[in-house]
Amino acid sequence: MASVLRAAAAAGDLHQCRRAAQPRRAAARGSAKSAKVAVRLCDYTAGAIRVAAERAAALDEEALEAEVQEELDRTHELVRVNFTGSGASLGHTVQLEMKACYADGELKNQPVPGLTADISLDLQEGNPFPLNIFTEQIVEQGMGQMESKTFGVTFPSDWKSERLQNVGVLFTVMIKEIAEKRALPPRSEEERDTIRAEIEGRHAELAARETAKQLDLAIRESLLQNCAVDTQKTVESVSWAKFGEASTKDYAYNMILEEIGAREGLSSVDEVKKLLRDEAEVTWL
């Protein structure tokens, strides 16, 4: 066994190395019947599924250094506020979902280009136009989290964008989060390496999740091509559903995962997907 492991490791094939270390399962081929439909599984073990997938890109050095410096320069953090009484007030910072449409004229109710965005707004006196109007409207009503409000704004005749000069706009804002700004202790250059490691770890985790997602999609296509799921009776019997090709494939894929989970004694979809990733032979692009 040790010699097999060494040979596999020397070849640089981690999948082969792992398979050599584990007893091979009995081939998972054959017909089975789930609680809903008949499913015939293809072999999904020991490299029987062969797919190509792309690894998520790592954070480049320039972007990493920029994030590290931004963290070193940060003087405040936002701490979410949980309310039992009144809503947002002066001194809070709110995360807003903002949309805008023309209030009148030929373009009435049409979206205003460039004025749909998610923004962070400090609720304070002296905000520039039109954020001062946002502040007044939010504070006046004491808007709460996930609460929406629509109000009108007319841009001045000397507004920097000519297309909005003297134009009436209806803004609709929804508060996604209410927070307080709290001061952070100064960060020193001695902390740079620690901060860098934290940011690298966070991005590595995100990249691993995205890579797994792409691999899951490739495995999904292979399973749909090589397994057989009798979806016809279900599609015909569910009169309230309008099954298209995409939804039928989704249904078939879920039945395949359910059948593999039952066969392998796995209780969650995530466990089944991990098993399939571990068993697949992957060519990384």
# chains A, B, ... in the order shown; residues from 1 in each chain; ligands from 1
$ residues_around --residues "stretch 70-72 of chain A" --least-positions-apart "4" --cutoff "12 Å" --atoms "only C-alpha atoms" --output "PDB file with N, CA and C atoms, in the first residue's frame"
ATOM      1  N   ALA A  63      -3.696  44.130  -5.785  1.00  0.00           N
ATOM      2  CA  ALA A  63      -4.990  44.238  -5.107  1.00  0.00           C
ATOM      3  C   ALA A  63      -4.865  43.865  -3.636  1.00  0.00           C
ATOM      4  N   LEU A  64      -4.041  42.859  -3.348  1.00  0.00           N
ATOM      5  CA  LEU A  64      -3.829  42.445  -1.964  1.00  0.00           C
ATOM      6  C   LEU A  64      -3.199  43.564  -1.153  1.00  0.00           C
ATOM      7  N   GLU A  65      -2.169  44.194  -1.693  1.00  0.00           N
ATOM      8  CA  GLU A  65      -1.505  45.287  -0.982  1.00  0.00           C
ATOM      9  C   GLU A  65      -2.450  46.461  -0.760  1.00  0.00           C
ATOM     10  N   ALA A  66      -3.325  46.720  -1.742  1.00  0.00           N
ATOM     11  CA  ALA A  66      -4.291  47.816  -1.601  1.00  0.00           C
ATOM     12  C   ALA A  66      -5.250  47.537  -0.450  1.00  0.00           C
ATOM     13  N   HIS A  76     -12.562  53.674  11.548  1.00  0.00           N
ATOM     14  CA  HIS A  76     -13.859  53.362  12.136  1.00  0.00           C
ATOM     15  C   HIS A  76     -14.367  52.020  11.604  1.00  0.00           C
ATOM     16  N   GLU A  77     -15.258  51.416  12.353  1.00  0.00           N
ATOM     17  CA  GLU A  77     -15.971  50.234  11.886  1.00  0.00           C
ATOM     18  C   GLU A  77     -17.460  50.462  12.065  1.00  0.00           C
ATOM     19  N   LEU A 184     -11.806  52.857  15.842  1.00  0.00           N
ATOM     20  CA  LEU A 184     -10.883  51.739  16.002  1.00  0.00           C
ATOM     21  C   LEU A 184      -9.553  52.255  16.530  1.00  0.00           C
ATOM     22  N   PRO A 185      -8.852  51.458  17.311  1.00  0.00           N
ATOM     23  CA  PRO A 185      -7.513  51.878  17.740  1.00  0.00           C
ATOM     24  C   PRO A 185      -6.587  51.954  16.533  1.00  0.00           C
ATOM     25  N   PRO A 186      -5.614  52.845  16.565  1.00  0.00           N
ATOM     26  CA  PRO A 186      -4.688  52.973  15.427  1.00  0.00           C
ATOM     27  C   PRO A 186      -3.980  51.646  15.137  1.00  0.00           C
ATOM     28  N   ARG A 187      -3.790  51.352  13.853  1.00  0.00           N
ATOM     29  CA  ARG A 187      -3.058  50.152  13.452  1.00  0.00           C
ATOM     30  C   ARG A 187      -1.621  50.544  13.125  1.00  0.00           C
ATOM     31  N   SER A 188      -0.688  49.681  13.451  1.00  0.00           N
ATOM     32  CA  SER A 188       0.724  49.972  13.219  1.00  0.00           C
ATOM     33  C   SER A 188       1.265  49.114  12.085  1.00  0.00           C
ATOM     34  N   GLU A 189       2.408  49.520  11.545  1.00  0.00           N
ATOM     35  CA  GLU A 189       3.054  48.768  10.471  1.00  0.00           C
ATOM     36  C   GLU A 189       3.447  47.367  10.925  1.00  0.00           C
ATOM     37  N   GLU A 190       3.659  47.204  12.238  1.00  0.00           N
ATOM     38  CA  GLU A 190       4.012  45.884  12.759  1.00  0.00           C
ATOM     39  C   GLU A 190       2.893  44.868  12.544  1.00  0.00           C
ATOM     40  N   GLU A 191       1.670  45.366  12.342  1.00  0.00           N
ATOM     41  CA  GLU A 191       0.524  44.475  12.136  1.00  0.00           C
ATOM     42  C   GLU A 191       0.309  44.111  10.672  1.00  0.00           C
ATOM     43  N   ARG A 192       1.131  44.665   9.782  1.00  0.00           N
ATOM     44  CA  ARG A 192       0.910  44.464   8.347  1.00  0.00           C
ATOM     45  C   ARG A 192       0.880  42.983   7.973  1.00  0.00           C
ATOM     46  N   ASP A 193       1.839  42.212   8.482  1.00  0.00           N
ATOM     47  CA  ASP A 193       1.902  40.791   8.113  1.00  0.00           C
ATOM     48  C   ASP A 193       0.671  40.034   8.600  1.00  0.00           C
ATOM     49  N   THR A 194       0.207  40.367   9.813  1.00  0.00           N
ATOM     50  CA  THR A 194      -0.980  39.702  10.352  1.00  0.00           C
ATOM     51  C   THR A 194      -2.215  40.042   9.525  1.00  0.00           C
ATOM     52  N   ILE A 195      -2.353  41.324   9.194  1.00  0.00           N
ATOM     53  CA  ILE A 195      -3.496  41.767   8.386  1.00  0.00           C
ATOM     54  C   ILE A 195      -3.451  41.113   7.009  1.00  0.00           C
ATOM     55  N   ARG A 196      -2.260  41.051   6.445  1.00  0.00           N
ATOM     56  CA  ARG A 196      -2.103  40.437   5.122  1.00  0.00           C
ATOM     57  C   ARG A 196      -2.544  38.974   5.151  1.00  0.00           C
ATOM     58  N   GLU A 198      -4.645  37.558   7.209  1.00  0.00           N
ATOM     59  CA  GLU A 198      -6.098  37.482   7.384  1.00  0.00           C
ATOM     60  C   GLU A 198      -6.820  37.704   6.059  1.00  0.00           C
ATOM     61  N   ILE A 199      -6.368  38.701   5.301  1.00  0.00           N
ATOM     62  CA  ILE A 199      -7.007  39.010   4.018  1.00  0.00           C
ATOM     63  C   ILE A 199      -6.768  37.884   3.019  1.00  0.00           C
TER      64      ILE A 199
END
$ residues_around --residues "A:Thr93" --least-positions-apart "3" --cutoff "7 Å" --atoms "only C-alpha atoms" --output "list in words"
Ser120, Leu121, Asp122, Leu123, Ile178, Ala179, Glu180 and Lys181 of chain A
$ write_last_selection --atoms "C-alpha atoms" --output "PDB file, in the first residue's frame"
ATOM      1  CA  SER A 120     -23.655  54.007   2.400  1.00  0.00           C
ATOM      2  CA  LEU A 121     -24.958  57.241   3.926  1.00  0.00           C
ATOM      3  CA  ASP A 122     -23.879  58.963   7.131  1.00  0.00           C
ATOM      4  CA  LEU A 123     -26.985  60.599   8.597  1.00  0.00           C
ATOM      5  CA  ILE A 178     -28.584  50.611  10.228  1.00  0.00           C
ATOM      6  CA  ALA A 179     -25.243  50.918  11.973  1.00  0.00           C
ATOM      7  CA  GLU A 180     -23.168  53.066  14.274  1.00  0.00           C
ATOM      8  CA  LYS A 181     -19.622  54.153  13.520  1.00  0.00           C
TER       9      LYS A 181
END
$ select_by_dssp --residues "stretch 4-208 of chain A" --states "helix (DSSP H, G or I)" --output "PyMOL selection string"
chain A and resi 4-10+14-21+61-73+131-141+162-164+189-208
$ closest_atom_pairs --of "stretch 179-272 of chain A" --to "stretch 42-56 of chain A" --cutoff "7 Å" --atoms "only C-alpha atoms" --output "Markdown table"
| residue | atom | partner | partner_atom | distance |
| --- | --- | --- | --- | --- |
| A:Ala207 | CA | A:Ala56 | CA | 5.2 |
| A:Glu210 | CA | A:Ala56 | CA | 6.0 |
| A:Thr211 | CA | A:Arg55 | CA | 5.0 |
| A:Gln214 | CA | A:Ala53 | CA | 6.4 |
| A:Leu215 | CA | A:Ala53 | CA | 5.6 |
| A:Ala218 | CA | A:Val51 | CA | 6.2 |
| A:Ile219 | CA | A:Val51 | CA | 6.6 |
| A:Ser222 | CA | A:Ile49 | CA | 6.9 |
| A:Asn226 | CA | A:Cys42 | CA | 5.8 |
| A:Cys227 | CA | A:Cys42 | CA | 5.0 |
$ residues_around --residues "A:Asp270" --least-positions-apart "4" --cutoff "10 Å" --atoms "only C-alpha atoms" --output "list in words"
Leu257, Gly261, Leu266, Lys274, Leu275 and Leu276 of chain A
$ atom_distance --atom1 "atom CA of A:Gln69" --atom2 "atom CA of A:Ile119"
22.4 Å
$ decode --residues "stretch 26-158 of chain A" --atoms "C-alpha atoms" --output "CSV table (one decimal), in the first residue's frame"
chain,number,residue,atom,x,y,z
A,26,ALA,CA,-18.6,-1.3,-5.3
A,27,ALA,CA,-19.5,0.3,-8.6
A,28,ALA,CA,-22.6,2.5,-8.1
A,29,ARG,CA,-24.2,1.5,-11.3
A,30,GLY,CA,-27.7,0.1,-11.7
A,31,SER,CA,-31.3,0.9,-11.3
A,32,ALA,CA,-32.8,2.2,-8.1
A,33,LYS,CA,-36.1,3.8,-7.2
A,34,SER,CA,-36.3,6.9,-5.1
A,35,ALA,CA,-39.3,8.0,-3.2
A,36,LYS,CA,-40.5,10.0,-6.2
A,37,VAL,CA,-39.1,8.7,-9.5
A,38,ALA,CA,-37.0,5.8,-10.9
A,39,VAL,CA,-33.3,6.7,-11.1
A,40,ARG,CA,-30.6,4.7,-12.8
A,41,LEU,CA,-27.3,5.9,-11.5
A,42,CYS,CA,-24.1,5.9,-13.6
A,43,ASP,CA,-20.8,5.0,-11.9
A,44,TYR,CA,-19.7,8.1,-9.9
A,45,THR,CA,-16.8,6.6,-7.9
A,46,ALA,CA,-13.0,6.4,-8.3
A,47,GLY,CA,-12.6,8.8,-11.3
A,48,ALA,CA,-15.6,7.5,-13.3
A,49,ILE,CA,-16.8,11.1,-13.7
A,50,ARG,CA,-14.2,13.0,-15.7
A,51,VAL,CA,-14.7,16.7,-16.0
A,52,ALA,CA,-12.8,19.9,-16.8
A,53,ALA,CA,-13.2,23.0,-14.6
A,54,GLU,CA,-11.6,26.3,-13.9
A,55,ARG,CA,-10.0,27.4,-10.6
A,56,ALA,CA,-11.1,30.7,-9.3
A,57,ALA,CA,-8.5,33.3,-9.7
A,58,ALA,CA,-6.3,34.3,-6.7
A,59,LEU,CA,-6.1,37.8,-5.5
A,60,ASP,CA,-3.2,39.5,-7.3
A,61,GLU,CA,-0.4,41.2,-5.4
A,62,GLU,CA,-1.4,44.7,-6.2
A,63,ALA,CA,-5.0,44.2,-5.1
A,64,LEU,CA,-3.8,42.4,-2.0
A,65,GLU,CA,-1.5,45.3,-1.0
A,66,ALA,CA,-4.3,47.8,-1.6
A,67,GLU,CA,-6.6,45.9,0.8
A,68,VAL,CA,-3.9,45.7,3.4
A,69,GLN,CA,-3.2,49.4,3.2
A,70,GLU,CA,-6.9,50.2,3.4
A,71,GLU,CA,-7.3,48.1,6.5
A,72,LEU,CA,-4.2,49.8,8.1
A,73,ASP,CA,-5.8,53.2,7.3
A,74,ARG,CA,-9.3,52.4,8.6
A,75,THR,CA,-10.2,54.5,11.6
A,76,HIS,CA,-13.9,53.4,12.1
A,77,GLU,CA,-16.0,50.2,11.9
A,78,LEU,CA,-19.7,49.9,11.3
A,79,VAL,CA,-21.6,48.1,14.1
A,80,ARG,CA,-25.1,47.0,13.3
A,81,VAL,CA,-27.8,48.4,15.4
A,82,ASN,CA,-30.8,46.3,16.5
A,83,PHE,CA,-33.8,48.4,17.3
A,84,THR,CA,-36.7,47.8,19.6
A,85,GLY,CA,-38.1,51.3,19.3
A,86,SER,CA,-37.4,54.2,16.9
A,87,GLY,CA,-35.5,53.7,13.7
A,88,ALA,CA,-32.6,55.6,12.1
A,89,SER,CA,-31.6,59.0,13.4
A,90,LEU,CA,-28.8,61.5,13.1
A,91,GLY,CA,-25.5,59.9,13.9
A,92,HIS,CA,-26.3,56.6,12.3
A,93,THR,CA,-24.9,55.2,9.1
A,94,VAL,CA,-27.3,53.4,6.8
A,95,GLN,CA,-26.8,51.0,3.9
A,96,LEU,CA,-29.3,52.0,1.3
A,97,GLU,CA,-30.7,50.4,-1.9
A,98,MET,CA,-31.5,53.4,-4.1
A,99,LYS,CA,-33.7,53.6,-7.2
A,100,ALA,CA,-34.9,56.6,-9.2
A,101,CYS,CA,-37.4,57.3,-11.9
A,102,TYR,CA,-38.5,60.5,-13.7
A,103,ALA,CA,-41.3,62.2,-11.9
A,104,ASP,CA,-43.0,63.8,-15.0
A,105,GLY,CA,-42.7,64.5,-18.7
A,106,GLU,CA,-42.3,62.1,-21.5
A,107,LEU,CA,-40.1,59.8,-19.5
A,108,LYS,CA,-42.4,59.7,-16.4
A,109,ASN,CA,-41.9,56.5,-14.4
A,110,GLN,CA,-38.9,55.5,-16.5
A,111,PRO,CA,-35.6,54.7,-14.6
A,112,VAL,CA,-33.0,57.5,-14.5
A,113,PRO,CA,-29.7,56.1,-15.8
A,114,GLY,CA,-26.9,56.1,-13.2
A,115,LEU,CA,-29.2,56.6,-10.2
A,116,THR,CA,-29.7,53.0,-9.2
A,117,ALA,CA,-27.2,51.8,-6.7
A,118,ASP,CA,-26.4,50.6,-3.2
A,119,ILE,CA,-24.9,53.4,-1.1
A,120,SER,CA,-23.7,54.0,2.4
A,121,LEU,CA,-25.0,57.2,3.9
A,122,ASP,CA,-23.9,59.0,7.1
A,123,LEU,CA,-27.0,60.6,8.6
A,124,GLN,CA,-25.6,64.0,9.5
A,125,GLU,CA,-26.3,67.7,9.0
A,126,GLY,CA,-24.5,69.3,6.2
A,127,ASN,CA,-24.7,66.4,3.7
A,128,PRO,CA,-24.5,67.7,0.0
A,129,PHE,CA,-27.5,67.7,-2.3
A,130,PRO,CA,-29.4,65.4,-2.8
A,131,LEU,CA,-28.1,63.4,0.2
A,132,ASN,CA,-29.3,66.1,2.5
A,133,ILE,CA,-32.8,65.3,1.3
A,134,PHE,CA,-32.3,61.6,1.8
A,135,THR,CA,-31.1,62.4,5.4
A,136,GLU,CA,-34.2,64.6,6.1
A,137,GLN,CA,-36.6,62.0,4.8
A,138,ILE,CA,-35.1,59.1,6.6
A,139,VAL,CA,-34.7,60.9,10.0
A,140,GLU,CA,-38.1,62.6,9.8
A,141,GLN,CA,-39.8,59.2,9.5
A,142,GLY,CA,-37.4,57.3,11.7
A,143,MET,CA,-37.2,54.6,9.0
A,144,GLY,CA,-36.4,51.1,10.1
A,145,GLN,CA,-34.5,48.3,8.6
A,146,MET,CA,-36.0,46.9,5.3
A,147,GLU,CA,-38.4,49.9,5.3
A,148,SER,CA,-38.9,51.8,2.0
A,149,LYS,CA,-39.9,55.3,1.2
A,150,THR,CA,-40.4,57.3,-2.0
A,151,PHE,CA,-40.0,61.0,-2.2
A,152,GLY,CA,-39.5,63.7,-4.9
A,153,VAL,CA,-36.4,65.8,-5.6
A,154,THR,CA,-35.9,68.5,-8.2
A,155,PHE,CA,-32.4,69.0,-9.3
A,156,PRO,CA,-31.2,72.7,-9.5
A,157,SER,CA,-30.6,74.5,-12.7
A,158,ASP,CA,-26.9,74.6,-12.2
